[in-house]
$ cat query02.txt   # compact mmCIF, C-alpha atoms and all ligand atoms
# COMPACT_ATOMS: atom_id res chain seq x y z
CA MET A 1 -30.65 15.29 10.64
CA THR A 2 -28.16 12.89 9.04
CA ARG A 3 -25.90 14.75 6.66
CA HIS A 4 -25.30 13.36 3.17
CA ALA A 5 -22.09 13.40 1.10
CA LEU A 6 -22.10 12.59 -2.60
CA ILE A 7 -18.62 11.41 -3.60
CA SER A 8 -17.56 10.91 -7.22
CA GLY A 9 -14.74 8.39 -7.83
CA ALA A 10 -14.23 4.97 -6.22
CA SER A 11 -10.47 4.41 -6.25
CA ILE A 12 -8.61 5.46 -3.08
CA ALA A 13 -9.66 8.97 -2.04
CA GLY A 14 -13.40 8.36 -2.56
CA PRO A 15 -13.85 5.13 -0.56
CA ALA A 16 -11.41 6.39 2.13
CA LEU A 17 -13.59 9.47 2.59
CA ALA A 18 -16.75 7.34 2.65
CA HIS A 19 -15.15 5.30 5.43
CA GLU A 20 -14.24 8.32 7.50
CA LEU A 21 -17.53 10.17 6.99
CA ALA A 22 -19.69 7.12 7.69
CA ALA A 23 -17.75 6.65 10.93
CA ARG A 24 -18.82 10.20 11.85
CA GLY A 25 -22.48 9.51 11.21
CA TRP A 26 -22.77 10.77 7.63
CA ARG A 27 -24.77 9.08 4.88
CA THR A 28 -22.55 8.50 1.84
CA THR A 29 -23.17 7.84 -1.85
CA VAL A 30 -20.21 7.01 -4.11
CA LEU A 31 -20.41 7.23 -7.91
CA GLU A 32 -17.88 5.46 -10.15
CA ARG A 33 -17.76 5.95 -13.89
CA ALA A 34 -16.30 2.47 -14.52
CA PRO A 35 -18.78 -0.43 -14.50
CA ARG A 36 -17.01 -2.03 -11.54
CA LEU A 37 -14.22 -1.38 -9.06
CA ARG A 38 -11.04 -0.95 -11.11
CA ASP A 39 -8.27 -3.45 -10.47
CA GLU A 40 -5.53 -2.20 -12.80
CA GLY A 41 -2.27 -0.62 -11.71
CA GLN A 42 0.65 -1.60 -9.57
CA ASN A 43 1.96 -1.08 -6.11
CA VAL A 44 1.30 2.09 -4.22
CA ASP A 45 2.79 2.81 -0.85
CA VAL A 46 1.31 4.06 2.35
CA ARG A 47 3.85 6.10 4.28
CA GLY A 48 4.23 8.53 7.13
CA ALA A 49 1.05 10.28 8.22
CA ALA A 50 -0.96 8.00 5.92
CA ARG A 51 0.19 5.03 8.03
CA GLU A 52 -1.28 6.79 11.04
CA VAL A 53 -4.50 7.37 9.08
CA VAL A 54 -4.90 3.66 8.27
CA ARG A 55 -4.12 2.90 11.92
CA ARG A 56 -6.91 5.27 12.98
CA MET A 57 -9.18 3.62 10.40
CA GLY A 58 -8.42 0.24 11.98
CA LEU A 59 -7.05 -1.10 8.69
CA GLU A 60 -3.32 -1.39 9.33
CA ASP A 61 -3.15 -5.15 9.89
CA THR A 62 -5.48 -5.92 6.99
CA LEU A 63 -3.40 -3.81 4.64
CA LEU A 64 -0.07 -5.26 5.81
CA ALA A 65 -1.49 -8.75 5.25
CA ALA A 66 -2.59 -7.76 1.74
CA GLY A 67 0.92 -6.56 0.79
CA THR A 68 2.70 -7.69 -2.36
CA GLY A 69 5.69 -9.23 -0.57
CA GLU A 70 8.10 -7.28 -2.76
CA VAL A 71 11.61 -7.47 -1.26
CA GLY A 72 13.12 -4.40 -2.92
CA LEU A 73 14.14 -2.70 -6.13
CA ARG A 74 16.77 -4.27 -8.40
CA PHE A 75 18.11 -2.51 -11.49
CA VAL A 76 19.11 -5.00 -14.18
CA ASP A 77 21.21 -4.92 -17.35
CA ASP A 78 20.21 -6.10 -20.84
CA ALA A 79 20.77 -9.76 -19.89
CA GLY A 80 18.84 -9.42 -16.63
CA GLY A 81 22.02 -9.35 -14.52
CA ARG A 82 22.06 -7.30 -11.33
CA VAL A 83 23.24 -3.69 -11.64
CA ALA A 84 22.18 -2.47 -8.20
CA GLU A 85 19.80 -3.49 -5.41
CA PHE A 86 17.86 -1.39 -2.93
CA PRO A 87 16.14 -3.60 -0.30
CA ALA A 88 12.65 -2.79 0.97
CA GLY A 89 12.22 -0.34 3.84
CA GLU A 90 11.52 -1.67 7.31
CA ASN A 91 9.40 1.10 8.71
CA ASP A 92 6.80 3.70 7.78
CA SER A 93 9.04 5.67 5.50
CA ASP A 94 12.22 4.14 4.08
CA GLY A 95 13.20 2.52 0.80
CA GLY A 96 11.97 2.51 -2.80
CA THR A 97 9.71 -0.34 -1.74
CA ALA A 98 7.83 0.68 1.40
CA GLU A 99 6.99 -1.68 4.26
CA MET A 100 3.30 -1.12 3.48
CA GLU A 101 3.42 -1.75 -0.25
CA ILE A 102 0.09 -2.83 -1.61
CA LEU A 103 -1.54 -3.05 -5.02
CA ARG A 104 -3.65 0.00 -5.73
CA GLY A 105 -6.51 -2.33 -6.65
CA GLU A 106 -6.16 -4.23 -3.37
CA LEU A 107 -6.20 -1.06 -1.28
CA SER A 108 -9.24 0.13 -3.20
CA ARG A 109 -10.95 -3.25 -2.69
CA VAL A 110 -10.25 -3.27 1.08
CA LEU A 111 -11.68 0.25 1.42
CA TYR A 112 -14.70 -0.73 -0.68
CA GLU A 113 -15.34 -3.93 1.31
CA ARG A 114 -15.15 -1.97 4.58
CA THR A 115 -17.63 0.66 3.39
CA ARG A 116 -20.06 -1.13 1.09
CA GLU A 117 -22.55 -1.99 3.84
CA HIS A 118 -23.17 1.60 4.85
CA THR A 119 -22.38 3.35 1.55
CA ASP A 120 -24.56 3.49 -1.54
CA TYR A 121 -22.10 2.61 -4.35
CA ARG A 122 -23.29 3.31 -7.90
CA PHE A 123 -21.08 1.95 -10.69
CA GLY A 124 -21.32 3.10 -14.31
CA GLU A 125 -22.60 6.49 -13.11
CA GLN A 126 -21.28 10.00 -13.35
CA ILE A 127 -22.29 13.57 -12.66
CA ALA A 128 -23.58 15.61 -15.62
CA ASP A 129 -24.45 18.80 -13.76
CA LEU A 130 -24.26 20.44 -10.34
CA ALA A 131 -26.49 23.15 -8.86
CA ASP A 132 -25.42 24.71 -5.56
CA HIS A 133 -28.46 26.08 -3.70
CA GLY A 134 -26.48 27.48 -0.79
CA ASP A 135 -27.84 25.10 1.84
CA HIS A 136 -27.42 21.97 -0.35
CA VAL A 137 -26.23 20.84 -3.77
CA THR A 138 -28.25 18.99 -6.40
CA ALA A 139 -26.27 16.70 -8.68
CA THR A 140 -27.86 15.54 -11.92
CA LEU A 141 -26.42 12.22 -13.08
CA GLN A 142 -25.92 11.37 -16.75
CA GLY A 143 -28.98 9.13 -16.69
CA GLY A 144 -31.09 12.07 -15.43
CA GLU A 145 -31.43 11.07 -11.76
CA ARG A 146 -31.08 13.94 -9.28
CA ILE A 147 -29.32 13.54 -5.94
CA ASP A 148 -29.32 16.14 -3.14
CA ALA A 149 -26.35 16.35 -0.83
CA ASP A 150 -24.88 18.58 1.88
CA VAL A 151 -21.52 18.31 0.18
CA VAL A 152 -20.28 16.99 -3.18
CA VAL A 153 -16.73 15.62 -3.27
CA VAL A 154 -14.96 15.13 -6.59
CA ALA A 155 -12.35 12.36 -6.17
CA GLU A 156 -12.05 11.46 -9.85
CA GLY A 157 -8.27 11.52 -10.24
CA THR A 158 -5.98 13.63 -12.42
CA HIS A 159 -8.22 13.73 -15.47
CA SER A 160 -11.48 14.44 -13.63
CA ARG A 161 -14.31 15.78 -15.81
CA THR A 162 -16.62 16.96 -13.04
CA ARG A 163 -13.83 19.27 -11.86
CA SER A 164 -14.56 21.62 -14.76
CA LEU A 165 -18.12 22.11 -13.43
CA VAL A 166 -16.61 23.39 -10.19
CA LEU A 167 -13.49 25.18 -11.38
CA PRO A 168 -13.80 25.81 -15.14
CA ASP A 169 -10.19 26.97 -15.57
CA ALA A 170 -8.60 23.87 -14.03
CA ASP A 171 -5.85 22.42 -16.19
CA THR A 172 -3.50 19.43 -16.09
CA THR A 173 0.19 19.87 -16.88
CA GLU A 174 1.66 16.79 -18.51
CA LEU A 175 5.23 16.08 -17.43
CA GLY A 176 6.22 14.15 -20.57
CA LEU A 177 6.44 10.80 -18.75
CA HIS A 178 4.03 8.09 -19.92
CA ILE A 179 3.47 4.88 -18.01
CA ALA A 180 1.51 1.82 -19.09
CA TYR A 181 0.63 -0.49 -16.20
CA LEU A 182 -0.24 -4.05 -17.18
CA THR A 183 -1.09 -7.26 -15.39
CA ILE A 184 0.61 -10.21 -17.13
CA PRO A 185 1.00 -13.96 -16.48
CA ARG A 186 3.73 -14.82 -13.98
CA THR A 187 6.64 -16.99 -15.15
CA ALA A 188 9.02 -19.16 -13.12
CA ASP A 189 11.76 -16.50 -13.43
CA ASP A 190 9.68 -13.77 -11.81
CA ASP A 191 11.00 -13.41 -8.27
CA ARG A 192 10.05 -11.17 -5.34
CA TRP A 193 12.17 -8.25 -6.59
CA TRP A 194 10.93 -5.23 -8.47
CA ARG A 195 13.18 -5.55 -11.53
CA TRP A 196 13.84 -2.42 -13.55
CA HIS A 197 15.56 -2.19 -16.93
CA THR A 198 16.49 1.07 -18.58
CA ALA A 199 16.97 1.27 -22.36
CA ALA A 200 18.31 4.12 -24.46
CA GLY A 201 15.60 6.35 -25.91
CA SER A 202 14.24 7.26 -22.44
CA ARG A 203 12.44 3.95 -22.01
CA SER A 204 12.17 1.54 -19.12
CA THR A 205 10.52 -1.80 -18.53
CA SER A 206 9.88 -3.11 -15.05
CA LEU A 207 8.32 -6.19 -13.52
CA ARG A 208 6.95 -6.42 -9.99
CA PRO A 209 5.57 -9.33 -7.98
CA ASP A 210 2.00 -9.21 -6.73
CA ASN A 211 0.01 -11.29 -4.25
CA ARG A 212 -2.46 -12.50 -6.90
CA GLY A 213 -0.32 -15.01 -8.77
CA THR A 214 0.36 -12.57 -11.62
CA THR A 215 3.11 -10.09 -12.42
CA ARG A 216 2.68 -6.34 -12.70
CA ALA A 217 4.55 -4.88 -15.65
CA MET A 218 5.29 -1.26 -16.39
CA LEU A 219 6.39 0.28 -19.67
CA ALA A 220 7.52 3.88 -19.17
CA PHE A 221 8.76 6.35 -21.76
CA VAL A 222 9.39 10.05 -22.11
CA SER A 223 7.87 11.90 -25.05
CA ASP A 224 7.24 15.52 -25.92
CA VAL A 225 4.01 14.54 -27.68
CA ARG A 226 0.99 15.55 -25.61
CA GLY A 227 -2.50 14.06 -25.35
CA LEU A 228 -1.49 10.37 -25.59
CA GLY A 229 -3.58 9.63 -22.49
CA GLU A 230 -6.74 10.61 -24.37
CA LEU A 231 -6.19 8.14 -27.21
CA ASP A 232 -8.19 4.94 -27.22
CA ARG A 233 -6.71 1.67 -26.05
CA ASP A 234 -5.83 0.33 -29.52
CA ASP A 235 -3.87 3.45 -30.40
CA GLN A 236 -2.03 3.39 -27.08
CA ILE A 237 -1.13 -0.25 -27.65
CA LEU A 238 0.20 0.60 -31.12
CA ILE A 239 2.38 3.37 -29.66
CA LEU A 240 3.71 1.01 -26.98
CA ARG A 241 4.52 -1.66 -29.57
CA ARG A 242 6.43 0.79 -31.76
CA THR A 243 8.20 2.48 -28.84
CA PHE A 244 9.35 -0.72 -27.12
CA ALA A 245 10.00 -2.88 -30.20
CA ASP A 246 13.79 -2.82 -29.64
CA ALA A 247 13.89 -2.00 -25.91
CA GLY A 248 15.38 -5.39 -25.02
CA TRP A 249 15.29 -7.44 -21.78
CA GLU A 250 11.68 -8.52 -21.04
CA ALA A 251 9.99 -5.91 -23.26
CA PRO A 252 9.05 -8.49 -25.95
CA ARG A 253 7.26 -10.60 -23.31
CA VAL A 254 5.32 -7.60 -22.03
CA LEU A 255 4.40 -6.51 -25.57
CA ALA A 256 3.24 -10.04 -26.36
CA ALA A 257 0.80 -9.83 -23.43
CA LEU A 258 -0.54 -6.38 -24.34
CA ASP A 259 -3.67 -7.40 -26.23
CA ASP A 260 -5.15 -9.41 -23.36
CA ALA A 261 -3.70 -7.60 -20.36
CA PRO A 262 -5.66 -5.29 -18.07
CA LEU A 263 -4.04 -1.97 -18.98
CA TYR A 264 -3.94 1.45 -17.38
CA PHE A 265 -2.15 4.09 -19.49
CA ASP A 266 -1.17 7.27 -17.71
CA ALA A 267 0.20 10.45 -19.27
CA VAL A 268 1.71 11.59 -15.99
CA GLY A 269 0.53 15.04 -15.05
CA GLN A 270 0.19 17.51 -12.24
CA VAL A 271 -2.86 19.50 -11.24
CA ARG A 272 -2.22 22.90 -9.68
CA LEU A 273 -5.24 24.91 -8.64
CA ASP A 274 -5.70 28.20 -6.82
CA ARG A 275 -8.50 26.70 -4.76
CA TRP A 276 -10.02 23.30 -4.20
CA SER A 277 -13.63 24.15 -3.50
CA ALA A 278 -16.53 26.32 -4.59
CA GLY A 279 -19.51 26.58 -2.28
CA ARG A 280 -20.39 23.07 -1.15
CA THR A 281 -18.37 21.20 -3.78
CA VAL A 282 -14.77 20.20 -3.12
CA LEU A 283 -11.96 18.33 -4.84
CA LEU A 284 -10.04 15.55 -3.11
CA GLY A 285 -6.96 13.44 -4.01
CA ASP A 286 -5.39 13.58 -7.47
CA ALA A 287 -8.34 15.59 -8.79
CA ALA A 288 -7.23 18.44 -6.53
CA TRP A 289 -3.45 18.14 -6.40
CA ALA A 290 -2.08 15.32 -8.61
CA THR A 291 1.68 15.17 -8.11
CA GLY A 292 2.55 12.35 -10.53
CA PRO A 293 3.14 8.72 -9.48
CA PHE A 294 6.23 9.28 -7.39
CA GLY A 295 5.18 7.65 -4.17
CA THR A 296 3.02 10.43 -2.75
CA GLY A 297 -0.41 10.29 -4.46
CA THR A 298 -1.96 7.52 -2.40
CA SER A 299 -0.58 8.67 0.94
CA LEU A 300 -1.79 12.21 0.30
CA ALA A 301 -5.22 10.94 -0.79
CA LEU A 302 -5.61 9.02 2.49
CA VAL A 303 -4.43 11.96 4.58
CA GLY A 304 -6.69 14.34 2.63
CA ALA A 305 -9.72 12.09 3.11
CA HIS A 306 -9.10 11.85 6.85
CA VAL A 307 -8.67 15.61 7.25
CA LEU A 308 -11.71 16.43 5.09
CA ALA A 309 -13.88 14.05 7.12
CA GLY A 310 -12.40 15.34 10.37
CA GLU A 311 -13.23 18.94 9.44
CA LEU A 312 -16.71 18.13 8.12
CA GLY A 313 -17.33 16.07 11.25
CA THR A 314 -16.42 18.85 13.66
CA ARG A 315 -17.91 21.90 11.89
CA SER A 316 -21.51 22.49 11.01
CA ASP A 317 -20.72 25.07 8.31
CA VAL A 318 -19.65 23.14 5.23
CA PRO A 319 -17.77 25.92 3.35
CA THR A 320 -15.76 26.69 6.51
CA ALA A 321 -14.85 23.00 6.89
CA LEU A 322 -13.78 22.87 3.22
CA ALA A 323 -11.61 25.96 3.60
CA ARG A 324 -9.96 24.58 6.74
CA TYR A 325 -9.28 21.23 5.01
CA GLU A 326 -7.54 23.04 2.17
CA GLU A 327 -5.52 25.16 4.58
CA ILE A 328 -4.24 22.02 6.35
CA VAL A 329 -3.47 19.83 3.33
CA ARG A 330 -2.33 22.33 0.69
CA PRO A 331 1.26 22.91 1.95
CA SER A 332 2.04 19.17 1.79
CA ALA A 333 0.46 18.73 -1.63
CA GLN A 334 2.34 21.71 -2.98
CA ARG A 335 5.64 20.48 -1.57
CA ALA A 336 5.06 17.09 -3.18
CA GLN A 337 4.51 18.78 -6.54
CA ASP A 338 7.51 21.06 -6.21
CA GLU A 339 9.72 18.08 -5.44
CA VAL A 340 8.99 16.51 -8.84
CA LYS A 341 11.75 17.91 -11.05
CA PRO A 342 11.65 17.49 -14.87
CA LEU A 343 15.43 16.99 -14.63
CA ALA A 344 14.96 13.98 -12.34
CA ILE A 345 12.49 12.46 -14.82
CA ARG A 346 15.13 12.82 -17.56
CA ALA A 347 17.89 11.41 -15.30
CA MET A 348 15.79 8.34 -14.50
CA ASN A 349 15.04 7.85 -18.20
CA PRO A 350 18.33 8.50 -20.04
CA ARG A 351 18.25 9.16 -23.76
CA SER A 352 21.61 7.93 -25.09
CA THR A 353 23.37 4.58 -24.67
CA ALA A 354 26.24 6.39 -22.95
CA ALA A 355 23.80 7.95 -20.47
CA VAL A 356 22.28 4.52 -19.73
CA LYS A 357 25.80 3.20 -18.97
CA LEU A 358 26.49 6.18 -16.73
CA GLN A 359 23.20 5.65 -14.88
CA ARG A 360 24.10 2.02 -14.24
CA ALA A 361 27.57 2.97 -12.99
CA VAL A 362 26.13 5.55 -10.59
CA LEU A 363 23.50 3.10 -9.28
CA GLY A 364 26.20 0.45 -8.84
CA VAL A 365 28.24 2.80 -6.65
CA ALA A 366 25.22 4.06 -4.71
CA ALA A 367 23.62 0.69 -3.88
CA PRO A 368 26.24 -0.70 -1.43
CA VAL A 369 26.06 2.48 0.63
CA SER A 370 22.33 2.94 0.16
CA ASP A 371 21.72 2.45 3.89
CA LYS A 372 23.88 5.43 4.72
CA LEU A 373 22.81 7.38 1.66
CA GLY A 374 19.23 6.43 2.41
CA GLY A 375 19.26 8.43 5.63
CA LEU A 376 20.45 11.52 3.82
CA VAL A 377 18.45 11.06 0.61
CA GLY A 378 15.43 10.05 2.67
CA ARG A 379 15.61 13.26 4.66
CA LEU A 380 15.79 15.25 1.44
CA THR A 381 13.21 13.31 -0.54
CA ARG A 382 10.92 11.94 2.15
CA PRO A 383 7.37 12.08 0.83
CA PRO A 384 5.68 15.13 2.30
CA ALA A 385 3.02 12.93 3.90
CA ASP A 386 5.82 12.01 6.31
CA ARG A 387 6.32 15.55 7.36
CA PHE A 388 2.65 16.17 7.93
CA ALA A 389 1.37 16.89 11.43
CA LEU A 390 -1.97 15.07 11.45
CA PRO A 391 -4.59 16.97 13.46
CA ASP A 392 -6.21 15.09 16.32
CA TYR A 393 -9.86 14.64 15.41
CA PRO A 394 -12.32 13.22 17.93
CA ALA A 395 -12.25 9.41 17.64
CA ALA A 396 -14.59 8.25 14.90
C1 LIG B 401 -6.89 2.22 -12.66
C2 LIG B 401 -5.84 3.00 -11.93
C3 LIG B 401 -4.56 2.48 -11.79
C4 LIG B 401 -3.57 3.21 -11.13
N1 LIG B 401 -2.33 2.66 -10.98
C5 LIG B 401 -1.37 3.32 -10.30
C6 LIG B 401 -0.08 2.76 -10.10
O1 LIG B 401 0.20 1.66 -10.53
N2 LIG B 401 0.84 3.47 -9.42
C7 LIG B 401 0.56 4.70 -8.90
O2 LIG B 401 1.42 5.30 -8.27
N3 LIG B 401 -0.66 5.26 -9.06
C8 LIG B 401 -1.62 4.60 -9.76
N4 LIG B 401 -2.86 5.19 -9.94
C9 LIG B 401 -3.11 6.51 -9.36
C10 LIG B 401 -3.33 6.43 -7.86
O3 LIG B 401 -4.43 5.60 -7.57
C11 LIG B 401 -3.56 7.83 -7.32
O4 LIG B 401 -2.42 8.63 -7.60
C12 LIG B 401 -3.77 7.94 -5.81
O5 LIG B 401 -4.08 6.74 -5.19
C13 LIG B 401 -4.88 8.95 -5.50
O6 LIG B 401 -6.10 8.36 -5.87
P1 LIG B 401 -7.45 9.10 -6.21
O7 LIG B 401 -8.53 8.26 -5.61
O8 LIG B 401 -7.38 10.53 -5.87
O9 LIG B 401 -7.54 9.06 -7.84
P2 LIG B 401 -7.51 7.82 -8.84
O10 LIG B 401 -6.82 6.67 -8.26
O11 LIG B 401 -7.03 8.34 -10.13
O12 LIG B 401 -9.05 7.41 -8.97
C14 LIG B 401 -10.05 8.17 -9.58
C15 LIG B 401 -11.32 7.33 -9.71
O13 LIG B 401 -12.38 8.13 -10.22
C16 LIG B 401 -13.02 7.46 -11.30
N5 LIG B 401 -13.56 8.50 -12.20
C17 LIG B 401 -12.91 9.25 -13.11
N6 LIG B 401 -13.75 10.11 -13.69
C18 LIG B 401 -14.96 9.91 -13.13
C19 LIG B 401 -16.25 10.51 -13.30
N7 LIG B 401 -16.44 11.50 -14.18
N8 LIG B 401 -17.27 10.06 -12.55
C20 LIG B 401 -17.10 9.06 -11.65
N9 LIG B 401 -15.90 8.45 -11.44
C21 LIG B 401 -14.85 8.87 -12.17
C22 LIG B 401 -11.90 6.64 -11.92
O14 LIG B 401 -12.41 5.57 -12.70
C23 LIG B 401 -11.16 6.15 -10.68
O15 LIG B 401 -11.75 5.01 -10.15
C24 LIG B 401 -3.88 4.49 -10.60
C25 LIG B 401 -5.16 5.02 -10.74
C26 LIG B 401 -6.14 4.29 -11.40
C27 LIG B 401 -7.54 4.87 -11.56

$ encode --input "query02.txt" --output "structure tokens"
Amino acid sequence: MTRHALISGASIAGPALAHELAARGWRTTVLERAPRLRDEGQNVDVRGAAREVVRRMGLEDTLLAAGTGEVGLRFVDDAGGRVAEFPAGENDSDGGTAEMEILRGELSRVLYERTREHTDYRFGEQIADLADHGDHVTATLQGGERIDADVVVVAEGTHSRTRSLVLPDADTTELGLHIAYLTIPRTADDDRWWRWHTAAGSRSTSLRPDNRGTTRAMLAFVSDVRGLGELDRDDQILILRRTFADAGWEAPRVLAALDDAPLYFDAVGQVRLDRWSAGRTVLLGDAAWATGPFGTGTSLALVGAHVLAGELGTRSDVPTALARYEEIVRPSAQRAQDEVKPLAIRAMNPRSTAAVKLQRAVLGVAAPVSDKLGGLVGRLTRPPADRFALPDYPAA
């Protein structure tokens, strides 16, 4: 009999899993709380083992063609002058800008387009309750509909609600970094560089090119206040306006666009759990192991989806497959979390004017030798997805 997976969350992990399970003969239903596929956010990169996953999915060329065309990362001073430049990487792993750098929304759209024919997508829906009967799970949706499945996968991101039905003690640890991602009109001065400006007060503004004729802006700040991610949009906008009022460079332009811009506000957090599954329900992607947006979340989500589908596809006992998936992916996820150091967040977001000057001086010295440094730093900081030995699952 065809096995059925109910997946909650249609960003990256959810649709990637639907792709991989459908290829192994599973029936898939994907729920998404938002009324439509979400387009907000900026570039994410697909590195290391995740590149191999998209190769196995047959998506590599499509994703490369949908890239943003960003040529690298340039730190700028208050007048927009160059402080330091780090050109894009030329392979699976190098550089601040990866070779496969794609908008999160584009990657999500490609995965959705590839799966929509054989997946039942339900937008504006979410799980209200779960009952595990041992040989199947019944999910009750908020509207009252009941759906039976062999496995339920929660891929709802860092702030997942359904997670608490599975693991009631799950908690998110905020790291103090807050990032607002906006899509704003492009101007003639916006080039192909990711331009990054640091201002005193632990604030930064950055602008990145996209392949949609718009510019992706990011306002990032460090604050000890917690719970800002749960505020409503108007309150978040007010905080951004007050925080960035005197941040300089292009901040006034970004603030001016705030009211109309698609906005995604993230109080960056990590999720650390003792286990990722209970019975026939399992967590996947940021919902299971959020690391913070430091270049690993998307790659790990793709790798996790591939491994989960691989295990479910080769084992008839669902709990055993879920345990094996966790055993394979957990070390990489944990390493990615451990590599995020609060000190590094502070160093990237200096508080005093003197510290901003020092940061610029250090970047200026590092940039010309970044090729050589890159080898060393890369070895030390390479996203864990790079160091992941992907199991060989039977071809889907
Ligand atoms: C709108 C958006 C913009 C982002 N922008 C960036 C970015 O610019 N840079 C970056 O590094 N990372 C960004 N991220 C995070 C990044 O996508 C993830 O770190 C990574 O790709 C792993 O993805 P995920 O699918 O596990 O979780 P996420 O990408 O967080 O997706 C979770 C999905 O689940 C949905 N959802 C949440 N709760 C429920 C529920 N109860 N029922 C049903 N669906 C639910 C959400 O709407 C979302 O579509 C963004 C995430 C989102 C949702």

$ closest_atom_pairs --input "query02.txt" --of "chain A" --to "ligand LIG 401 (chain B)" --cutoff "8 Å" --atoms "only C-alpha atoms and all ligand atoms" --output "CSV"
residue,atom,partner,partner_atom,distance
A:Ser8,CA,B:LIG401,C20,4.8
A:Gly9,CA,B:LIG401,O13,3.4
A:Ala10,CA,B:LIG401,O15,4.6
A:Ser11,CA,B:LIG401,O15,4.1
A:Ile12,CA,B:LIG401,O7,3.8
A:Ala13,CA,B:LIG401,O7,3.8
A:Gly14,CA,B:LIG401,O7,5.7
A:Pro15,CA,B:LIG401,O7,8.0
A:Leu31,CA,B:LIG401,C20,5.3
A:Glu32,CA,B:LIG401,N9,3.8
A:Arg33,CA,B:LIG401,C20,3.9
A:Ala34,CA,B:LIG401,O14,5.3
A:Leu37,CA,B:LIG401,O15,6.9
A:Arg38,CA,B:LIG401,C1,5.4
A:Asp39,CA,B:LIG401,C1,6.2
A:Glu40,CA,B:LIG401,C1,4.6
A:Gly41,CA,B:LIG401,N1,3.4
A:Gln42,CA,B:LIG401,O1,3.4
A:Asn43,CA,B:LIG401,O1,5.5
A:Val44,CA,B:LIG401,O2,5.2
A:Asp45,CA,B:LIG401,O2,7.9
A:Leu103,CA,B:LIG401,O1,7.5
A:Arg104,CA,B:LIG401,O3,5.9
A:Gly105,CA,B:LIG401,C3,7.3
A:Gly124,CA,B:LIG401,C20,7.8
A:Glu125,CA,B:LIG401,C20,6.2
A:Gln126,CA,B:LIG401,N8,4.1
A:Ile127,CA,B:LIG401,N8,6.1
A:Ala155,CA,B:LIG401,O8,5.3
A:Glu156,CA,B:LIG401,O13,3.4
A:Gly157,CA,B:LIG401,O11,3.4
A:Thr158,CA,B:LIG401,O11,5.9
A:His159,CA,B:LIG401,N6,6.8
A:Ser160,CA,B:LIG401,N6,4.9
A:Arg161,CA,B:LIG401,N7,5.1
A:Thr162,CA,B:LIG401,N7,5.6
A:Tyr181,CA,B:LIG401,O1,6.1
A:Tyr264,CA,B:LIG401,C1,5.6
A:Leu284,CA,B:LIG401,O8,6.3
A:Gly285,CA,B:LIG401,O8,3.5
A:Asp286,CA,B:LIG401,O8,4.0
A:Ala287,CA,B:LIG401,O8,5.9
A:Ala288,CA,B:LIG401,O8,7.9
A:Ala290,CA,B:LIG401,O4,6.8
A:Thr291,CA,B:LIG401,O4,7.7
A:Gly292,CA,B:LIG401,O4,6.9
A:Pro293,CA,B:LIG401,O2,4.0
A:Phe294,CA,B:LIG401,O2,6.3
A:Gly295,CA,B:LIG401,O2,6.0
A:Thr296,CA,B:LIG401,O4,7.5
A:Gly297,CA,B:LIG401,O4,4.1
A:Thr298,CA,B:LIG401,O5,3.6
A:Ser299,CA,B:LIG401,O5,7.3
A:Leu300,CA,B:LIG401,C13,7.3
A:Ala301,CA,B:LIG401,C13,5.1

$ closest_residue --input "query02.txt" --among "A:Ala257, A:Ala199, A:Leu165, A:Ala16" --to "Arg360 (chain A)" --atoms "all atoms listed in the file"
A:Ala199

$ closest_residue --input "query02.txt" --among "A:Gly279, A:Val152, A:Phe86, A:Gly364" --to "Asp317 (chain A)" --atoms "all atoms listed in the file"
A:Gly279

$ atom_distance --input "query02.txt" --atom1 "CA of Leu59 (chain A)" --atom2 "CA of Arg47 (chain A)"
13.8 Å

$ residues_around --input "query02.txt" --residues "region 110-121 of chain A" --least-positions-apart "3" --cutoff "6 Å" --atoms "only C-alpha atoms" --output "ChimeraX atom specification"
/A:15,19,28-30,107

$ atom_distance --input "query02.txt" --atom1 "CA of Val225 (chain A)" --atom2 "CA of Glu174 (chain A)"
9.7 Å

$ residues_around --input "query02.txt" --residues "region 187-198 of chain A" --least-positions-apart "4" --cutoff "7 Å" --atoms "all atoms listed in the file" --output "list in words"
Gly69, Glu70, Val71, Gly72, Leu73, Arg74, Phe75, Val76, Asp77, Arg203, Ser204, Thr205, Ser206, Leu207, Arg208, Pro209, Asn349 and Val356 of chain A

$ closest_residue --input "query02.txt" --among "A:Thr173, A:Thr215, A:Ser164, A:Ser316" --to "Pro262 (chain A)" --atoms "only C-alpha atoms"
A:Thr215

$ atom_distance --input "query02.txt" --atom1 "CA of Ala389 (chain A)" --atom2 "CA of Arg330 (chain A)"
12.6 Å

$ closest_residue --input "query02.txt" --among "A:Thr183, A:Arg275, A:His306, A:Arg233" --to "Arg253 (chain A)" --atoms "all atoms listed in the file"
A:Thr183

$ closest_atom_pairs --input "query02.txt" --of "region 230-316 of chain A" --to "region 136-139 of chain A" --cutoff "12 Å" --atoms "all atoms listed in the file" --output "Markdown table"
| residue | atom | partner | partner_atom | distance |
| --- | --- | --- | --- | --- |
| A:Ala278 | CA | A:Val137 | CA | 11.2 |
| A:Gly279 | CA | A:Val137 | CA | 9.0 |
| A:Arg280 | CA | A:Val137 | CA | 6.8 |
| A:Thr281 | CA | A:Val137 | CA | 7.9 |
| A:Val282 | CA | A:Val137 | CA | 11.5 |

$ decode --input "query02.txt" --residues "region 296-302 of chain A" --atoms "C-alpha atoms" --output "compact mmCIF listing (two decimals), in the first residue's frame"
# COMPACT_ATOMS: atom_id res chain seq x y z
CA THR A 296 24.17 26.43 7.35
CA GLY A 297 20.37 26.30 7.81
CA THR A 298 19.37 25.70 4.21
CA SER A 299 22.15 23.24 3.43
CA LEU A 300 21.35 21.23 6.55
CA ALA A 301 17.62 21.29 5.73
CA LEU A 302 18.29 19.82 2.27
